[in-house]
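Encoded as structure tokens, the structure appears first; notes follow it.
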Amino acid sequence: MAQLRRRDLEEVAYAPLLLDDGWEISTPEAEGLDPVLAARLFYYAEEVETIEALLVIVNGRLVAEGYFNGGGPSQSTKVQSVPKRYVYALVGTVLEEGYIERLHQRMMDFFPEFEEQIADPRKGRITIRHLLQMRAGFP
């Protein structure tokens, strides 16, 4: 990659589009995000052939938005593993905060009211780790 200059960053456009899509709009500065870092993110994102859209949401507000490689706000995009990444991040947070003791905890520990409805004893042994790894044994 070429040497990135401050002038290059000043030319990077990442302001959110003013669409009536339910997002509250803000700026990186107002939400405590360094605008230079936002500009760098969008500068480098433009060079990646597989990125079609990039949105930055901070404190529930849309602070940066950009489209690349033919992408656009109304274009559907396959997200495949993106939801799994959010789940992993959330599980890490609840582990850190003590809501889950360990990944080897049984799923039924969280839903004891359904324990008697489970006919297959293998289902009762499914752990959080099994679910995260998609190895619970079910299609």
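Residue numbers start at 1 in each chain; chains themselves are named A, B, ... in the order of the structure tokens; ligands are numbered from 1 in the order shown.
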Non-local contacts of A:His130 (12 Å; only C-alpha atoms; under 4 positions in same chain excluded) as a count of residues only | 15
Atom CA of A:Phe42 to atom CA of A:Gly72: how many Å, to one decimal?
->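 Going from atom CA of A:Phe42 over to atom CA of A:Gly72, I get 14.8 Å.
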Residues of chain A in strand (DSSP E), written as a ChimeraX atom specification | /A:24-25,53-58,61-67
Using C-alpha atoms, can you export the residues from the last selection as a PDB file, in the first residue's frame?
```pdb
ATOM      1  CA  GLU A  24     -30.242   8.569  14.205  1.00  0.00           C
ATOM      2  CA  ILE A  25     -27.333  10.354  12.512  1.00  0.00           C
ATOM      3  CA  ALA A  53     -20.715  -1.558   2.311  1.00  0.00           C
ATOM      4  CA  LEU A  54     -19.321  -0.221   5.552  1.00  0.00           C
ATOM      5  CA  LEU A  55     -21.363   1.420   8.274  1.00  0.00           C
ATOM      6  CA  VAL A  56     -20.044   2.581  11.635  1.00  0.00           C
ATOM      7  CA  ILE A  57     -22.522   2.742  14.493  1.00  0.00           C
ATOM      8  CA  VAL A  58     -21.487   4.220  17.828  1.00  0.00           C
ATOM      9  CA  ARG A  61     -26.088   6.315  16.064  1.00  0.00           C
ATOM     10  CA  LEU A  62     -24.875   6.049  12.485  1.00  0.00           C
ATOM     11  CA  VAL A  63     -21.660   8.085  12.273  1.00  0.00           C
ATOM     12  CA  ALA A  64     -20.085   6.883   9.031  1.00  0.00           C
ATOM     13  CA  GLU A  65     -21.326   5.172   5.868  1.00  0.00           C
ATOM     14  CA  GLY A  66     -19.717   4.211   2.597  1.00  0.00           C
ATOM     15  CA  TYR A  67     -20.312   1.925  -0.384  1.00  0.00           C
TER      16      TYR A  67
END
```
Which of stretch 33-137 of chain A DSSP labels alpha helix (DSSP H), written as a ChimeraX atom specification = /A:35-45,82-96,128-132
Just the residues within 6 Å of A:Glu52, please, counting only C-alpha atoms, with nothing from its chain fewer than 6 positions along; format it as a PDB file with N, CA and C atoms, in the first residue's frame.
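This is the output file around.pdb:
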```pdb
ATOM      1  N   TYR A  67     -20.018   3.056   0.496  1.00  0.00           N
ATOM      2  CA  TYR A  67     -20.312   1.925  -0.384  1.00  0.00           C
ATOM      3  C   TYR A  67     -19.208   1.800  -1.413  1.00  0.00           C
ATOM      4  N   PHE A  68     -18.857   0.564  -1.724  1.00  0.00           N
ATOM      5  CA  PHE A  68     -17.717   0.290  -2.587  1.00  0.00           C
ATOM      6  C   PHE A  68     -18.069  -0.842  -3.549  1.00  0.00           C
ATOM      7  N   ASN A  69     -17.324  -0.939  -4.614  1.00  0.00           N
ATOM      8  CA  ASN A  69     -17.417  -2.081  -5.533  1.00  0.00           C
ATOM      9  C   ASN A  69     -18.842  -2.365  -5.985  1.00  0.00           C
ATOM     10  N   GLY A  71     -21.610  -1.561  -4.468  1.00  0.00           N
ATOM     11  CA  GLY A  71     -22.576  -1.657  -3.380  1.00  0.00           C
ATOM     12  C   GLY A  71     -23.385  -0.386  -3.256  1.00  0.00           C
TER      13      GLY A  71
END
```
One decimal, Å: what's the distance from atom CA of A:Val79 over to atom CA of A:Asn59, could you say?
-> 22.4 Å
Give me the residues within 10 Å of A:Arg102 as a PyMOL selection string, counting only C-alpha atoms and dropping any in the same chain fewer than 5 places off.
-> chain A and resi 94-96+127-129
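Those residues that approach A:Glu10 to within 12 Å, counting only C-alpha atoms, are Leu4, Pro35, Val36, Leu37, Ala38, Ala39, Arg40, Phe42 and Tyr43 of chain A; same-chain residues fewer than 6 positions away are not listed.
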Rank A:Glu29, A:Glu46, A:Asp120, A:Glu113 by their smallest atom-to-atom distance to A:Ala13, using only C-alpha atoms, and report the top residue only.
->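 Looking only at the distances to A:Ala13, the closest residue turns out to be A:Glu46.
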In Å, rounded to a single decimal, give me how far atom CA of A:Phe110 is from atom CA of A:Thr93.
-> 16.6 Å
Using only C-alpha atoms, which of A:Tyr88, A:Phe114, A:Tyr14, A:Tyr44 sits nearest A:Thr27?
->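 Looking at the shortest contact to A:Thr27, the residue is A:Tyr14.
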